[in-house]
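Below is one structure, written out as structure tokens; the observations come after it.
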Amino acid sequence: MEVAERKFFPKSERLYLKKDIDRLFDNGQSFISYPLRIVYLSDTGNTLPASGISVLIGVPKKRIRRAVHRNRIKRMIREAFRLNKNDLSDRCKHNEKHLQIAFMYVCNEVKSYTDTEKAMKKALTIIYRKEKL
């Protein structure tokens, strides 16, 4: 019987500094993998975090009015990323690149987890191809 690999989403993988967020939205590239809009920026700086990826998750109040639903959507996006990030994260470490990624929810209703995970997988493969990691 194999031991399953543990997957985490530590604070070192979260994008929270205002200057980093502003730089991401000013200089980043974006695309849509419905129901997500993804903005990403690749960097080869000296101050790389341990993982090589920093993530921001946003669900606008204008689209999803109830906080309960916004929090559920954020949990679904975070879980989908946590389960599917390993290949991209390993390649970022290997190539000494740092990716900053923002996942913004663009749908007006709450989608299922399977729709969110499918969009996440598609988004990560698009980033993987565009950055040629």
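Chain labels A, B, ... are given in the sequence in which chains occur in the structure tokens; within each chain residues are numbered consecutively from 1, and ligands are likewise numbered from 1 in the order shown.
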Write down as a list in words the residues of range 50-80 of chain A whose backbone DSSP state falls under strand (DSSP E).
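Checking each residue of range 50-80 of chain A, the strand (DSSP E) ones are Ile53, Ser54, Val55, Leu56, Ile57 and Gly58 of chain A.
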What is the CA of Ile126 in chain A to CA of Gly28 in chain A distance in Å?
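Pair CA of Ile126 in chain A / CA of Gly28 in chain A returns 14.4 Å.
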By how many Å are CA of Asp87 in chain A and CA of Pro35 in chain A apart?
22.4 Å
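Among A:Gly58, A:His94, A:Asp115, A:Val110, the residue with the shortest atom-to-atom distance to Arg37 in chain A, counting only C-alpha atoms, is A:Gly58.
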Please return as a PDB file with N, CA and C atoms, in the first residue's frame: the residues of chain A that backbone DSSP assigns to alpha helix (DSSP H).
```pdb
ATOM      1  N   LYS A  18       0.712  44.458  -0.975  1.00  0.00           N
ATOM      2  CA  LYS A  18       0.058  45.373  -1.904  1.00  0.00           C
ATOM      3  C   LYS A  18       0.939  45.695  -3.107  1.00  0.00           C
ATOM      4  N   LYS A  19       2.237  45.889  -2.889  1.00  0.00           N
ATOM      5  CA  LYS A  19       3.120  46.230  -4.013  1.00  0.00           C
ATOM      6  C   LYS A  19       3.214  45.079  -5.013  1.00  0.00           C
ATOM      7  N   ASP A  20       3.202  43.834  -4.518  1.00  0.00           N
ATOM      8  CA  ASP A  20       3.229  42.670  -5.407  1.00  0.00           C
ATOM      9  C   ASP A  20       1.920  42.537  -6.183  1.00  0.00           C
ATOM     10  N   ILE A  21       0.809  42.790  -5.517  1.00  0.00           N
ATOM     11  CA  ILE A  21      -0.494  42.697  -6.172  1.00  0.00           C
ATOM     12  C   ILE A  21      -0.626  43.779  -7.246  1.00  0.00           C
ATOM     13  N   ASP A  22      -0.201  45.004  -6.925  1.00  0.00           N
ATOM     14  CA  ASP A  22      -0.253  46.097  -7.908  1.00  0.00           C
ATOM     15  C   ASP A  22       0.621  45.782  -9.116  1.00  0.00           C
ATOM     16  N   ARG A  23       1.805  45.252  -8.867  1.00  0.00           N
ATOM     17  CA  ARG A  23       2.710  44.909  -9.969  1.00  0.00           C
ATOM     18  C   ARG A  23       2.115  43.795 -10.826  1.00  0.00           C
ATOM     19  N   LEU A  24       1.461  42.828 -10.192  1.00  0.00           N
ATOM     20  CA  LEU A  24       0.827  41.739 -10.924  1.00  0.00           C
ATOM     21  C   LEU A  24      -0.256  42.260 -11.863  1.00  0.00           C
ATOM     22  N   PHE A  25      -1.133  43.126 -11.363  1.00  0.00           N
ATOM     23  CA  PHE A  25      -2.226  43.617 -12.189  1.00  0.00           C
ATOM     24  C   PHE A  25      -1.771  44.665 -13.204  1.00  0.00           C
ATOM     25  N   ASP A  26      -0.673  45.357 -12.940  1.00  0.00           N
ATOM     26  CA  ASP A  26      -0.148  46.329 -13.906  1.00  0.00           C
ATOM     27  C   ASP A  26       0.604  45.664 -15.051  1.00  0.00           C
ATOM     28  N   ASN A  27       1.420  44.663 -14.744  1.00  0.00           N
ATOM     29  CA  ASN A  27       2.321  44.075 -15.737  1.00  0.00           C
ATOM     30  C   ASN A  27       1.945  42.664 -16.176  1.00  0.00           C
ATOM     31  N   ALA A  67     -21.771  36.618   1.633  1.00  0.00           N
ATOM     32  CA  ALA A  67     -20.422  36.269   2.089  1.00  0.00           C
ATOM     33  C   ALA A  67     -20.243  34.759   2.214  1.00  0.00           C
ATOM     34  N   VAL A  68     -21.295  34.051   2.578  1.00  0.00           N
ATOM     35  CA  VAL A  68     -21.230  32.600   2.703  1.00  0.00           C
ATOM     36  C   VAL A  68     -20.844  31.974   1.364  1.00  0.00           C
ATOM     37  N   HIS A  69     -21.455  32.455   0.292  1.00  0.00           N
ATOM     38  CA  HIS A  69     -21.176  31.914  -1.035  1.00  0.00           C
ATOM     39  C   HIS A  69     -19.790  32.329  -1.521  1.00  0.00           C
ATOM     40  N   ARG A  70     -19.391  33.567  -1.238  1.00  0.00           N
ATOM     41  CA  ARG A  70     -18.041  34.013  -1.621  1.00  0.00           C
ATOM     42  C   ARG A  70     -16.981  33.169  -0.940  1.00  0.00           C
ATOM     43  N   ASN A  71     -17.154  32.897   0.331  1.00  0.00           N
ATOM     44  CA  ASN A  71     -16.185  32.081   1.066  1.00  0.00           C
ATOM     45  C   ASN A  71     -16.152  30.652   0.546  1.00  0.00           C
ATOM     46  N   ARG A  72     -17.304  30.111   0.183  1.00  0.00           N
ATOM     47  CA  ARG A  72     -17.351  28.753  -0.379  1.00  0.00           C
ATOM     48  C   ARG A  72     -16.596  28.688  -1.700  1.00  0.00           C
ATOM     49  N   ILE A  73     -16.798  29.682  -2.548  1.00  0.00           N
ATOM     50  CA  ILE A  73     -16.112  29.721  -3.835  1.00  0.00           C
ATOM     51  C   ILE A  73     -14.610  29.824  -3.627  1.00  0.00           C
ATOM     52  N   LYS A  74     -14.179  30.655  -2.686  1.00  0.00           N
ATOM     53  CA  LYS A  74     -12.741  30.772  -2.414  1.00  0.00           C
ATOM     54  C   LYS A  74     -12.161  29.462  -1.915  1.00  0.00           C
ATOM     55  N   ARG A  75     -12.903  28.756  -1.078  1.00  0.00           N
ATOM     56  CA  ARG A  75     -12.433  27.451  -0.603  1.00  0.00           C
ATOM     57  C   ARG A  75     -12.326  26.448  -1.748  1.00  0.00           C
ATOM     58  N   MET A  76     -13.293  26.477  -2.677  1.00  0.00           N
ATOM     59  CA  MET A  76     -13.243  25.556  -3.816  1.00  0.00           C
ATOM     60  C   MET A  76     -12.048  25.864  -4.718  1.00  0.00           C
ATOM     61  N   ILE A  77     -11.793  27.138  -4.982  1.00  0.00           N
ATOM     62  CA  ILE A  77     -10.660  27.527  -5.830  1.00  0.00           C
ATOM     63  C   ILE A  77      -9.351  27.139  -5.157  1.00  0.00           C
ATOM     64  N   ARG A  78      -9.244  27.401  -3.859  1.00  0.00           N
ATOM     65  CA  ARG A  78      -8.029  27.070  -3.111  1.00  0.00           C
ATOM     66  C   ARG A  78      -7.770  25.565  -3.124  1.00  0.00           C
ATOM     67  N   GLU A  79      -8.813  24.775  -2.952  1.00  0.00           N
ATOM     68  CA  GLU A  79      -8.667  23.316  -2.940  1.00  0.00           C
ATOM     69  C   GLU A  79      -8.281  22.796  -4.327  1.00  0.00           C
ATOM     70  N   ALA A  80      -8.909  23.329  -5.364  1.00  0.00           N
ATOM     71  CA  ALA A  80      -8.576  22.896  -6.726  1.00  0.00           C
ATOM     72  C   ALA A  80      -7.122  23.237  -7.046  1.00  0.00           C
ATOM     73  N   PHE A  81      -6.657  24.403  -6.626  1.00  0.00           N
ATOM     74  CA  PHE A  81      -5.263  24.771  -6.859  1.00  0.00           C
ATOM     75  C   PHE A  81      -4.324  23.866  -6.066  1.00  0.00           C
ATOM     76  N   ARG A  82      -4.653  23.633  -4.804  1.00  0.00           N
ATOM     77  CA  ARG A  82      -3.801  22.829  -3.929  1.00  0.00           C
ATOM     78  C   ARG A  82      -3.605  21.419  -4.484  1.00  0.00           C
ATOM     79  N   LEU A  83      -4.645  20.847  -5.061  1.00  0.00           N
ATOM     80  CA  LEU A  83      -4.555  19.482  -5.560  1.00  0.00           C
ATOM     81  C   LEU A  83      -3.867  19.378  -6.918  1.00  0.00           C
ATOM     82  N   ASN A  84      -3.803  20.466  -7.667  1.00  0.00           N
ATOM     83  CA  ASN A  84      -3.278  20.403  -9.034  1.00  0.00           C
ATOM     84  C   ASN A  84      -2.017  21.218  -9.266  1.00  0.00           C
ATOM     85  N   ASN A  86       1.197  20.710  -8.153  1.00  0.00           N
ATOM     86  CA  ASN A  86       2.502  20.079  -7.968  1.00  0.00           C
ATOM     87  C   ASN A  86       3.404  20.130  -9.188  1.00  0.00           C
ATOM     88  N   ASP A  87       2.895  19.814 -10.355  1.00  0.00           N
ATOM     89  CA  ASP A  87       3.726  19.805 -11.556  1.00  0.00           C
ATOM     90  C   ASP A  87       4.247  21.203 -11.869  1.00  0.00           C
ATOM     91  N   LEU A  88       3.373  22.192 -11.815  1.00  0.00           N
ATOM     92  CA  LEU A  88       3.771  23.576 -12.102  1.00  0.00           C
ATOM     93  C   LEU A  88       4.759  24.084 -11.050  1.00  0.00           C
ATOM     94  N   SER A  89       4.512  23.775  -9.806  1.00  0.00           N
ATOM     95  CA  SER A  89       5.386  24.212  -8.721  1.00  0.00           C
ATOM     96  C   SER A  89       6.783  23.599  -8.842  1.00  0.00           C
ATOM     97  N   ASP A  90       6.840  22.309  -9.163  1.00  0.00           N
ATOM     98  CA  ASP A  90       8.140  21.644  -9.312  1.00  0.00           C
ATOM     99  C   ASP A  90       8.941  22.242 -10.459  1.00  0.00           C
ATOM    100  N   ARG A  91       8.273  22.539 -11.554  1.00  0.00           N
ATOM    101  CA  ARG A  91       8.978  23.116 -12.704  1.00  0.00           C
ATOM    102  C   ARG A  91       9.450  24.538 -12.427  1.00  0.00           C
ATOM    103  N   CYS A  92       8.691  25.291 -11.646  1.00  0.00           N
ATOM    104  CA  CYS A  92       9.121  26.643 -11.276  1.00  0.00           C
ATOM    105  C   CYS A  92      10.383  26.578 -10.421  1.00  0.00           C
ATOM    106  N   LYS A  93      10.425  25.654  -9.477  1.00  0.00           N
ATOM    107  CA  LYS A  93      11.614  25.496  -8.635  1.00  0.00           C
ATOM    108  C   LYS A  93      12.816  25.086  -9.476  1.00  0.00           C
ATOM    109  N   HIS A  94      12.584  24.161 -10.400  1.00  0.00           N
ATOM    110  CA  HIS A  94      13.673  23.642 -11.227  1.00  0.00           C
ATOM    111  C   HIS A  94      14.263  24.731 -12.126  1.00  0.00           C
ATOM    112  N   ASN A  95      13.414  25.586 -12.702  1.00  0.00           N
ATOM    113  CA  ASN A  95      13.876  26.646 -13.602  1.00  0.00           C
ATOM    114  C   ASN A  95      14.168  27.955 -12.885  1.00  0.00           C
ATOM    115  N   TYR A 113     -17.986  22.248  -7.753  1.00  0.00           N
ATOM    116  CA  TYR A 113     -16.551  22.028  -7.592  1.00  0.00           C
ATOM    117  C   TYR A 113     -15.942  21.420  -8.849  1.00  0.00           C
ATOM    118  N   THR A 114     -16.664  20.538  -9.525  1.00  0.00           N
ATOM    119  CA  THR A 114     -16.109  19.903 -10.726  1.00  0.00           C
ATOM    120  C   THR A 114     -15.854  20.942 -11.827  1.00  0.00           C
ATOM    121  N   ASP A 115     -16.759  21.918 -11.971  1.00  0.00           N
ATOM    122  CA  ASP A 115     -16.543  22.993 -12.945  1.00  0.00           C
ATOM    123  C   ASP A 115     -15.326  23.831 -12.568  1.00  0.00           C
ATOM    124  N   THR A 116     -15.195  24.110 -11.282  1.00  0.00           N
ATOM    125  CA  THR A 116     -14.066  24.911 -10.809  1.00  0.00           C
ATOM    126  C   THR A 116     -12.754  24.163 -11.005  1.00  0.00           C
ATOM    127  N   GLU A 117     -12.737  22.879 -10.696  1.00  0.00           N
ATOM    128  CA  GLU A 117     -11.510  22.102 -10.856  1.00  0.00           C
ATOM    129  C   GLU A 117     -11.127  21.955 -12.328  1.00  0.00           C
ATOM    130  N   LYS A 118     -12.108  21.780 -13.190  1.00  0.00           N
ATOM    131  CA  LYS A 118     -11.837  21.682 -14.621  1.00  0.00           C
ATOM    132  C   LYS A 118     -11.226  22.993 -15.140  1.00  0.00           C
ATOM    133  N   ALA A 119     -11.761  24.120 -14.689  1.00  0.00           N
ATOM    134  CA  ALA A 119     -11.230  25.425 -15.083  1.00  0.00           C
ATOM    135  C   ALA A 119      -9.813  25.618 -14.540  1.00  0.00           C
ATOM    136  N   MET A 120      -9.562  25.134 -13.322  1.00  0.00           N
ATOM    137  CA  MET A 120      -8.235  25.255 -12.717  1.00  0.00           C
ATOM    138  C   MET A 120      -7.216  24.430 -13.495  1.00  0.00           C
ATOM    139  N   LYS A 121      -7.549  23.211 -13.840  1.00  0.00           N
ATOM    140  CA  LYS A 121      -6.633  22.366 -14.614  1.00  0.00           C
ATOM    141  C   LYS A 121      -6.311  22.997 -15.957  1.00  0.00           C
ATOM    142  N   LYS A 122      -7.328  23.525 -16.616  1.00  0.00           N
ATOM    143  CA  LYS A 122      -7.135  24.187 -17.908  1.00  0.00           C
ATOM    144  C   LYS A 122      -6.236  25.413 -17.750  1.00  0.00           C
ATOM    145  N   ALA A 123      -6.469  26.193 -16.715  1.00  0.00           N
ATOM    146  CA  ALA A 123      -5.671  27.396 -16.482  1.00  0.00           C
ATOM    147  C   ALA A 123      -4.206  27.056 -16.218  1.00  0.00           C
ATOM    148  N   LEU A 124      -3.960  26.041 -15.399  1.00  0.00           N
ATOM    149  CA  LEU A 124      -2.583  25.674 -15.085  1.00  0.00           C
ATOM    150  C   LEU A 124      -1.856  25.121 -16.306  1.00  0.00           C
ATOM    151  N   THR A 125      -2.555  24.393 -17.178  1.00  0.00           N
ATOM    152  CA  THR A 125      -1.899  23.914 -18.392  1.00  0.00           C
ATOM    153  C   THR A 125      -1.609  25.057 -19.354  1.00  0.00           C
ATOM    154  N   ILE A 126      -2.483  26.055 -19.413  1.00  0.00           N
ATOM    155  CA  ILE A 126      -2.228  27.223 -20.269  1.00  0.00           C
ATOM    156  C   ILE A 126      -1.013  27.983 -19.769  1.00  0.00           C
ATOM    157  N   ILE A 127      -0.917  28.197 -18.470  1.00  0.00           N
ATOM    158  CA  ILE A 127       0.251  28.887 -17.900  1.00  0.00           C
ATOM    159  C   ILE A 127       1.510  28.071 -18.163  1.00  0.00           C
ATOM    160  N   TYR A 128       1.402  26.769 -17.999  1.00  0.00           N
ATOM    161  CA  TYR A 128       2.534  25.867 -18.229  1.00  0.00           C
ATOM    162  C   TYR A 128       3.045  25.997 -19.663  1.00  0.00           C
ATOM    163  N   ARG A 129       2.123  26.027 -20.630  1.00  0.00           N
ATOM    164  CA  ARG A 129       2.513  26.137 -22.038  1.00  0.00           C
ATOM    165  C   ARG A 129       3.068  27.516 -22.378  1.00  0.00           C
ATOM    166  N   LYS A 130       2.429  28.572 -21.891  1.00  0.00           N
ATOM    167  CA  LYS A 130       2.864  29.928 -22.226  1.00  0.00           C
ATOM    168  C   LYS A 130       4.217  30.257 -21.638  1.00  0.00           C
ATOM    169  N   GLU A 131       4.495  29.750 -20.457  1.00  0.00           N
ATOM    170  CA  GLU A 131       5.784  30.038 -19.808  1.00  0.00           C
ATOM    171  C   GLU A 131       6.871  29.060 -20.215  1.00  0.00           C
TER     172      GLU A 131
END
```
Residues within 10 Å of Leu15 in chain A, only C-alpha atoms, excluding chain neighbours under 3 positions, as a PDB file with C-alpha atoms, in the first residue's frame:
```pdb
ATOM      1  CA  LYS A  11       1.239  31.105   3.721  1.00  0.00           C
ATOM      2  CA  SER A  12       4.464  31.279   1.696  1.00  0.00           C
ATOM      3  CA  LYS A  18       0.058  45.373  -1.904  1.00  0.00           C
ATOM      4  CA  ASP A  20       3.229  42.670  -5.407  1.00  0.00           C
ATOM      5  CA  ILE A  21      -0.494  42.697  -6.172  1.00  0.00           C
ATOM      6  CA  LEU A  24       0.827  41.739 -10.924  1.00  0.00           C
ATOM      7  CA  ILE A  53       4.404  30.254  -6.863  1.00  0.00           C
ATOM      8  CA  SER A  54       2.348  32.929  -5.114  1.00  0.00           C
ATOM      9  CA  VAL A  55      -1.434  32.921  -5.443  1.00  0.00           C
ATOM     10  CA  LEU A  56      -4.219  35.443  -4.896  1.00  0.00           C
ATOM     11  CA  ILE A  57      -7.882  34.388  -4.921  1.00  0.00           C
ATOM     12  CA  GLN A 100       2.479  35.234  -9.274  1.00  0.00           C
ATOM     13  CA  ILE A 101      -1.057  34.168 -10.124  1.00  0.00           C
ATOM     14  CA  ALA A 102      -4.431  35.791  -9.374  1.00  0.00           C
TER      15      ALA A 102
END
```
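With CA of Glu96 in chain A on one side and CA of Asp43 in chain A on the other, the separation reads 9.0 Å.
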